Amino acid sequence: MNFDRIAVLDWSAAGTPRQGADSIWLGLASGDQVTTMNLPTRHGAEAHLTDLIEQTLTARKRLLIGVDFAFGYPAGFARHLTGAPQALAVWDWLEAQIEDAPDNRNNHKAVAATINRMWDGDGPFWGNGEKRDYPGLGRHKATLPDGLSEQRATDALASSPLAKPKSVWQLSGAGVVGAQSLTGLPMLARLRRSFGDALGVWPFQPCESTPIVLAEVYPSMLAAEVRAAMARDPDAIRDAVQVRLLATALARLSETGGLAPMLTPDAPAETVQQEGWILGAGHATALRAALPATQVPPRLRDDCFAMPQGVDWVPVDTALDRLRAALHPVTGEETLATAQASGRILAQDCRAVRSNPPSPNSAVDGYGFAHAATSSGPQRLPLLQGRAAAGQPFEGNVPPGAAIRILTGAILPPGVDTVVLEEDTATDGAAVVFDGPVKPRANTRRAGEDMQAGDAVLPAGHALRAPDVALLTALGIGRVTVQRPLRVGVISTGDELLPDPAQPAKPHQIYDANRPMLLSMAARWGYEPVDLGHVRDDPDRIAARLNKGAGTADVILTSGGASAGDEDHVSNLLRTQGTLSSWRIALKPGRPLALAMWQGVPVFGLPGNPVAAFVCALIFARPALSLMAGGGWRAPQGFTVPAAFNKSKKPGRREYLRARLDADGRAEVFASEGSGRISGLSWATGLVELPDQALTVAPGDPVRYLPYSDFGL
């Protein structure tokens with residue numbers, strides 16, 4: 001069920017108007033907005049709910065109202081009180097008995113005493129904190145009448161080490177809900193009567209398409225999150241925090257479809273109709289996981305990019321090793337439906353919930369039988385009436401010496417362990433005939449022959465692909481915990497750049513190719529690209545844009561201004577206002593690579609030349625961003641191929657040549673090594689990597705080829 005609005009009501013049975021702690025609070029989530037309201041009286045709260053429902057119906061929206069008191073009592077109570085084993089009958093009975101004045105004066109203790117006198121012995125309700133006595137209502141815990149339980153089935157599933165629902169029979173004391181139910185259920189009964197079929201009560205009624213739905217909730221399932229919020233703001237009111245957090249969680253679950261698994265109570269229908277059910281009972285982890293992160297993920301150290309003193313030219317392998325040692329994941333986690341998680345990185349290991357296949361089944365269309373009843377030579381087995389098909393199991397047993405028609409994927413009926421292929425048989429409808437012997441268990445699949453329940457499936461750090469989604473779904477893993485997508489900000493700098501290729505360019509201007517290229521690469525790698533735009537060569541403007549990036553991205557890529565010239569403002573800013581390590585990498589093309597921290601966010605200052613920026617992004621940014629995103633260090637695998645070119649290389653720098661494979665599988669390289677030749681990037685399908693030392697390459701010599709696909713492109 002999906003809803004446009006989520007309201008969470010924290011009720012109170014106070015005898016006088018009250019605000020602040022231990023009073024009525026309402027949290028309302030609508031879209032991204034969550035508001036809270038403190039209502040001093042129950043009459044005022046009922047009027048506010050009525051207005052909210054009317055506004056929702058007028059707007060043709062859907063509203064879920066979660067209420068924090070019990071919608072029913074333990075099994076047996078409803079029948080004894082009303083003669084009907086339905087909780088809704090108790091609602092109507094209490095509406096006729098409870099008197100609740102506009103100033104909060106009410107008679108719920110007198111009604112509880114009346115109910116107690118309807119039982120032999122003490123009756124179920126207890127707890128009177130007033131000086132006045134109510135005949136029939138004890139001040140201390142009573143002995144329950146035979147057949148009544150202390151708690152409902154749903155209360156056990158909603159319990160946690162931090163919070164356990166109180167008994168509905170207790171009417172006084174800290175954290176009790178007994179009085180709230182006695183005063184709240186009549187109010188809900190009046191709402192039912194006022195709005196008729198437009199209002200449904202879950203789980204007592206079908207609510208799939210009802211505009212307004214009432215449901216019991218238990219905010220203390222978020223006790224750990226409430227405690228953390230109170231630690232951050234000790235002056236906050238706990239009730240207000242609870243309704244705000246629970247409304248937020250339910251709204252996010254509604255948006256993602258996460259409410260659906262919570263809508264089937266884990267109890268017999270008869271029990272549920274009497275006792276009710278807490279929305280989310282048994283699903284506390286999913287409810288908690290729906291809340292957004294309130295903390296900033298761990299940031300990198302300010303000195304994480306520092307090189308040892310005296311280091312000048314940095315070999316590529318040394319630079320990669322230092323990057324790998326300095327970085328760690330910086331994103332938070334979230335839980336998604338498996339079907340929506342393709343491309344995301346697992347934050348937790350996955351284990352099979354069920355086996356695949358879950359039951360022994362047939363691998364072909366044919367006839368199934370017990371192998372022990374067959375032998376060599378022609379076999380004639382009488383056919384049973386019916387058949388076994390995928391999704392339509394045969395309900396009976398197959399006795400030895402008989403056979404059953406069976407289709408591919410059908411569960412093997414009891415008595416069947418072997419299947420003969422249809423094409424190898426003849427039949428007159430009464431029996432099936434085939435030549436023996438047949439191999440035992442022929443044409444069958446064992447239960448769990450692919451994977452067993454509990455098996456490790458995929459590890460944390462794995463990026464989910466379409467085949468992975470299929471595997472997880474087949475194994476009953478409907479939700480996965482994944483890393484939040486890494487937000488990669490991209491800034492380009494330079495007075496000579498035009499950000500829009502539709503603009504006419506003057507002779508001294510060029511179009512900004514780096515920013516769309518880097519944004520496209522980030523998106524292709526599964527990250528969230530954050531376009532921070534183009535900035536002119538103005539230190540103040542660049543600083544302002546870096547500030548914006550630090551607030552909206554987990555990592556920033558810049559292009560241009562990373563060297564040491566007069567207009568290299570990026571490196572100057574990172575040096576004076578950030579923490580800069582300007583690495584002079586021994587590679588071609590590339591060389592200057594500025595690595596810095598800006599307000600706790602790492603910055604990769606790439607060269608302004610598009611070819612050099614592209615190569616540096618592949619060699620350095622690709623594995624670094626993967627590690628920061630929680631996917632581990634991703635190095636290209638590459639493979640050796642014959643060269644289709646001549647090359648004489650000097651020692652001291654690793655070189656990357658734009659290359660592609662010809663029809664014979666040899667690596668040919670782009671005609672020019674000029675770093676300004678962007679066409680070579682498009683012409684190529686990968687890079688040839690030449691080692692640091694001097695090298696002479698002739699056609700046919702082995703070289704290492706790194707296809708773009710190795711870099712996720």
# chains A, B, ... in the order shown; residues from 1 in each chain; ligands from 1
$ residues_around --residues "Ile585 (chain A)" --least-positions-apart "6" --cutoff "10 Å" --atoms "only C-alpha atoms" --output "ChimeraX atom specification"
/A:312-319,591-594,616,653-654
$ residues_around --residues "Glu334 (chain A)" --least-positions-apart "2" --cutoff "10 Å" --atoms "only C-alpha atoms" --output "list in words"
Ala286, Ala289, Ala290, Leu291, Pro292, Ala293, Thr331, Gly332, Leu336, Leu346, Ala347, Val480, Thr481, Val482, Gln483, Arg484 and Pro485 of chain A
$ atom_distance --atom1 "CA of Arg5 (chain A)" --atom2 "CA of Met221 (chain A)"
20.6 Å
$ select_by_dssp --residues "region 472-702 of chain A" --states "helix (DSSP H, G or I)" --output "VMD selection string"
chain A and resid 472 to 474 514 to 524 539 to 552 569 to 576 610 to 628 679 to 683
$ closest_residue --among "A:Pro400, A:Pro219, A:Pro516, A:Gly590" --to "Pro414 (chain A)" --atoms "only C-alpha atoms"
A:Pro400
$ residues_around --residues "region 240-247 of chain A" --least-positions-apart "3" --cutoff "10 Å" --atoms "only C-alpha atoms" --output "PyMOL selection string"
chain A and resi 5-10+20-30+34-38+64-68+217-223+225-227+229-230+233+236-237+250-253+287-288+290-292
$ write_last_selection --atoms "C-alpha atoms" --output "PDB file, in the first residue's frame"
ATOM      1  CA  ARG A   5       0.518  11.269   3.759  1.00  0.00           C
ATOM      2  CA  ILE A   6       1.533   9.474   6.932  1.00  0.00           C
ATOM      3  CA  ALA A   7       0.208  10.617  10.321  1.00  0.00           C
ATOM      4  CA  VAL A   8       1.482   9.130  13.589  1.00  0.00           C
ATOM      5  CA  LEU A   9      -0.565   9.841  16.727  1.00  0.00           C
ATOM      6  CA  ASP A  10       0.868   9.574  20.232  1.00  0.00           C
ATOM      7  CA  GLY A  20       4.640  18.982  26.415  1.00  0.00           C
ATOM      8  CA  ALA A  21       5.774  15.613  27.693  1.00  0.00           C
ATOM      9  CA  ASP A  22       3.182  12.840  28.188  1.00  0.00           C
ATOM     10  CA  SER A  23       0.555  14.616  26.126  1.00  0.00           C
ATOM     11  CA  ILE A  24      -0.893  14.161  22.647  1.00  0.00           C
ATOM     12  CA  TRP A  25       1.532  14.551  19.737  1.00  0.00           C
ATOM     13  CA  LEU A  26       0.852  14.186  16.046  1.00  0.00           C
ATOM     14  CA  GLY A  27       3.552  13.723  13.417  1.00  0.00           C
ATOM     15  CA  LEU A  28       2.625  14.271   9.765  1.00  0.00           C
ATOM     16  CA  ALA A  29       4.851  13.308   6.830  1.00  0.00           C
ATOM     17  CA  SER A  30       3.896  14.615   3.398  1.00  0.00           C
ATOM     18  CA  VAL A  34       7.627  16.189   8.365  1.00  0.00           C
ATOM     19  CA  THR A  35       5.874  18.338  10.956  1.00  0.00           C
ATOM     20  CA  THR A  36       4.812  17.728  14.553  1.00  0.00           C
ATOM     21  CA  MET A  37       1.923  19.205  16.538  1.00  0.00           C
ATOM     22  CA  ASN A  38       1.116  19.154  20.254  1.00  0.00           C
ATOM     23  CA  LEU A  64      -2.273   6.303   6.785  1.00  0.00           C
ATOM     24  CA  ILE A  65      -2.940   7.144  10.430  1.00  0.00           C
ATOM     25  CA  GLY A  66      -0.736   5.183  12.812  1.00  0.00           C
ATOM     26  CA  VAL A  67      -1.962   5.201  16.404  1.00  0.00           C
ATOM     27  CA  ASP A  68       0.203   4.134  19.345  1.00  0.00           C
ATOM     28  CA  VAL A 217       1.929   1.356  15.571  1.00  0.00           C
ATOM     29  CA  TYR A 218       4.583   1.036  18.253  1.00  0.00           C
ATOM     30  CA  PRO A 219       7.052   3.948  18.080  1.00  0.00           C
ATOM     31  CA  SER A 220       9.375   2.244  20.551  1.00  0.00           C
ATOM     32  CA  MET A 221      10.515  -0.100  17.774  1.00  0.00           C
ATOM     33  CA  LEU A 222      12.699   2.908  16.924  1.00  0.00           C
ATOM     34  CA  ALA A 223      13.935   3.181  20.526  1.00  0.00           C
ATOM     35  CA  GLU A 225      17.061   5.985  17.004  1.00  0.00           C
ATOM     36  CA  VAL A 226      14.929   7.962  19.477  1.00  0.00           C
ATOM     37  CA  ARG A 227      17.644   7.647  22.110  1.00  0.00           C
ATOM     38  CA  ALA A 229      18.078  11.818  18.640  1.00  0.00           C
ATOM     39  CA  MET A 230      17.577  12.733  22.299  1.00  0.00           C
ATOM     40  CA  ASP A 233      19.088  17.342  21.399  1.00  0.00           C
ATOM     41  CA  ALA A 236      13.657  17.659  22.721  1.00  0.00           C
ATOM     42  CA  ILE A 237      10.417  16.030  23.892  1.00  0.00           C
ATOM     43  CA  LEU A 250       6.714   4.885   7.266  1.00  0.00           C
ATOM     44  CA  ALA A 251       6.678   7.580   4.579  1.00  0.00           C
ATOM     45  CA  ARG A 252       9.985   6.363   3.127  1.00  0.00           C
ATOM     46  CA  LEU A 253       8.782   2.752   3.199  1.00  0.00           C
ATOM     47  CA  LEU A 287      11.607   0.085   9.814  1.00  0.00           C
ATOM     48  CA  ARG A 288      14.842   1.339  11.348  1.00  0.00           C
ATOM     49  CA  ALA A 290      14.177   3.356   6.395  1.00  0.00           C
ATOM     50  CA  LEU A 291      15.318   6.360   8.435  1.00  0.00           C
ATOM     51  CA  PRO A 292      17.799   8.684   6.706  1.00  0.00           C
TER      52      PRO A 292
END
$ decode --residues "region 61-98 of chain A" --atoms "N, CA and C atoms" --output "CSV table (one decimal), in the first residue's frame"
chain,number,residue,atom,x,y,z
A,61,LYS,N,-6.4,12.1,-2.1
A,61,LYS,CA,-5.1,11.5,-1.7
A,61,LYS,C,-5.4,10.3,-0.7
A,62,ARG,N,-4.3,9.6,-0.3
A,62,ARG,CA,-4.4,8.5,0.6
A,62,ARG,C,-3.6,8.9,1.9
A,63,LEU,N,-4.2,8.5,3.0
A,63,LEU,CA,-3.7,8.8,4.3
A,63,LEU,C,-3.6,7.6,5.2
A,64,LEU,N,-2.4,7.3,5.8
A,64,LEU,CA,-2.3,6.3,6.8
A,64,LEU,C,-2.1,7.0,8.1
A,65,ILE,N,-3.0,6.6,9.1
A,65,ILE,CA,-2.9,7.1,10.4
A,65,ILE,C,-2.5,6.0,11.3
A,66,GLY,N,-1.3,6.1,11.9
A,66,GLY,CA,-0.7,5.2,12.8
A,66,GLY,C,-1.0,5.7,14.2
A,67,VAL,N,-1.6,4.8,15.0
A,67,VAL,CA,-2.0,5.2,16.4
A,67,VAL,C,-1.2,4.3,17.4
A,68,ASP,N,-0.7,4.9,18.5
A,68,ASP,CA,0.2,4.1,19.3
A,68,ASP,C,-0.4,3.4,20.5
A,69,PHE,N,-1.7,3.0,20.4
A,69,PHE,CA,-2.3,2.2,21.5
A,69,PHE,C,-2.9,0.9,20.9
A,70,ALA,N,-3.2,0.0,21.7
A,70,ALA,CA,-3.6,-1.3,21.2
A,70,ALA,C,-5.0,-1.3,20.6
A,71,PHE,N,-5.1,-1.9,19.4
A,71,PHE,CA,-6.4,-1.9,18.7
A,71,PHE,C,-7.2,-3.1,19.2
A,72,GLY,N,-6.7,-4.0,19.9
A,72,GLY,CA,-7.4,-5.1,20.4
A,72,GLY,C,-6.8,-5.6,21.7
A,73,TYR,N,-7.5,-6.6,22.3
A,73,TYR,CA,-7.1,-7.2,23.6
A,73,TYR,C,-6.8,-8.7,23.4
A,74,PRO,N,-6.0,-9.3,24.3
A,74,PRO,CA,-5.7,-10.7,24.1
A,74,PRO,C,-6.9,-11.6,23.8
A,75,ALA,N,-6.7,-12.6,23.0
A,75,ALA,CA,-7.8,-13.5,22.6
A,75,ALA,C,-8.7,-14.0,23.7
A,76,GLY,N,-10.0,-13.9,23.5
A,76,GLY,CA,-11.0,-14.3,24.5
A,76,GLY,C,-11.7,-13.2,25.1
A,77,PHE,N,-11.0,-12.0,25.1
A,77,PHE,CA,-11.6,-10.8,25.8
A,77,PHE,C,-12.8,-10.3,25.0
A,78,ALA,N,-12.7,-10.2,23.7
A,78,ALA,CA,-13.8,-9.6,22.9
A,78,ALA,C,-15.1,-10.4,23.0
A,79,ARG,N,-14.9,-11.8,22.9
A,79,ARG,CA,-16.1,-12.6,23.0
A,79,ARG,C,-16.8,-12.5,24.4
A,80,HIS,N,-16.0,-12.5,25.4
A,80,HIS,CA,-16.5,-12.5,26.8
A,80,HIS,C,-17.3,-11.1,27.0
A,81,LEU,N,-16.7,-10.0,26.5
A,81,LEU,CA,-17.3,-8.7,26.7
A,81,LEU,C,-18.5,-8.5,25.8
A,82,THR,N,-18.4,-8.8,24.6
A,82,THR,CA,-19.5,-8.5,23.6
A,82,THR,C,-20.2,-9.6,23.0
A,83,GLY,N,-19.7,-10.8,23.2
A,83,GLY,CA,-20.3,-12.0,22.5
A,83,GLY,C,-19.8,-12.2,21.2
A,84,ALA,N,-19.0,-11.3,20.6
A,84,ALA,CA,-18.4,-11.5,19.2
A,84,ALA,C,-16.9,-11.5,19.3
A,85,PRO,N,-16.3,-12.5,18.6
A,85,PRO,CA,-14.8,-12.6,18.7
A,85,PRO,C,-14.1,-11.6,17.8
A,86,GLN,N,-14.5,-10.3,17.8
A,86,GLN,CA,-13.8,-9.3,16.9
A,86,GLN,C,-13.5,-8.1,17.7
A,87,ALA,N,-12.3,-7.6,17.5
A,87,ALA,CA,-11.9,-6.4,18.2
A,87,ALA,C,-12.8,-5.2,17.9
A,88,LEU,N,-13.3,-5.1,16.7
A,88,LEU,CA,-14.1,-3.9,16.4
A,88,LEU,C,-15.4,-3.9,17.2
A,89,ALA,N,-15.8,-5.1,17.6
A,89,ALA,CA,-17.0,-5.1,18.5
A,89,ALA,C,-16.7,-4.4,19.9
A,90,VAL,N,-15.4,-4.6,20.3
A,90,VAL,CA,-15.0,-3.9,21.6
A,90,VAL,C,-15.0,-2.4,21.4
A,91,TRP,N,-14.5,-2.0,20.2
A,91,TRP,CA,-14.5,-0.5,19.9
A,91,TRP,C,-15.9,0.1,20.1
A,92,ASP,N,-16.9,-0.6,19.5
A,92,ASP,CA,-18.3,-0.1,19.6
A,92,ASP,C,-18.8,-0.1,21.0
A,93,TRP,N,-18.5,-1.2,21.8
A,93,TRP,CA,-18.9,-1.3,23.2
A,93,TRP,C,-18.3,-0.2,24.0
A,94,LEU,N,-17.0,0.1,23.8
A,94,LEU,CA,-16.4,1.1,24.6
A,94,LEU,C,-16.9,2.5,24.2
A,95,GLU,N,-17.2,2.7,23.0
A,95,GLU,CA,-17.8,4.0,22.6
A,95,GLU,C,-19.1,4.3,23.3
A,96,ALA,N,-19.9,3.3,23.6
A,96,ALA,CA,-21.1,3.5,24.3
A,96,ALA,C,-20.9,3.7,25.8
A,97,GLN,N,-19.7,3.3,26.3
A,97,GLN,CA,-19.5,3.4,27.7
A,97,GLN,C,-18.6,4.5,28.2
A,98,ILE,N,-17.6,4.9,27.4
A,98,ILE,CA,-16.6,5.9,27.8
A,98,ILE,C,-17.2,7.3,27.7
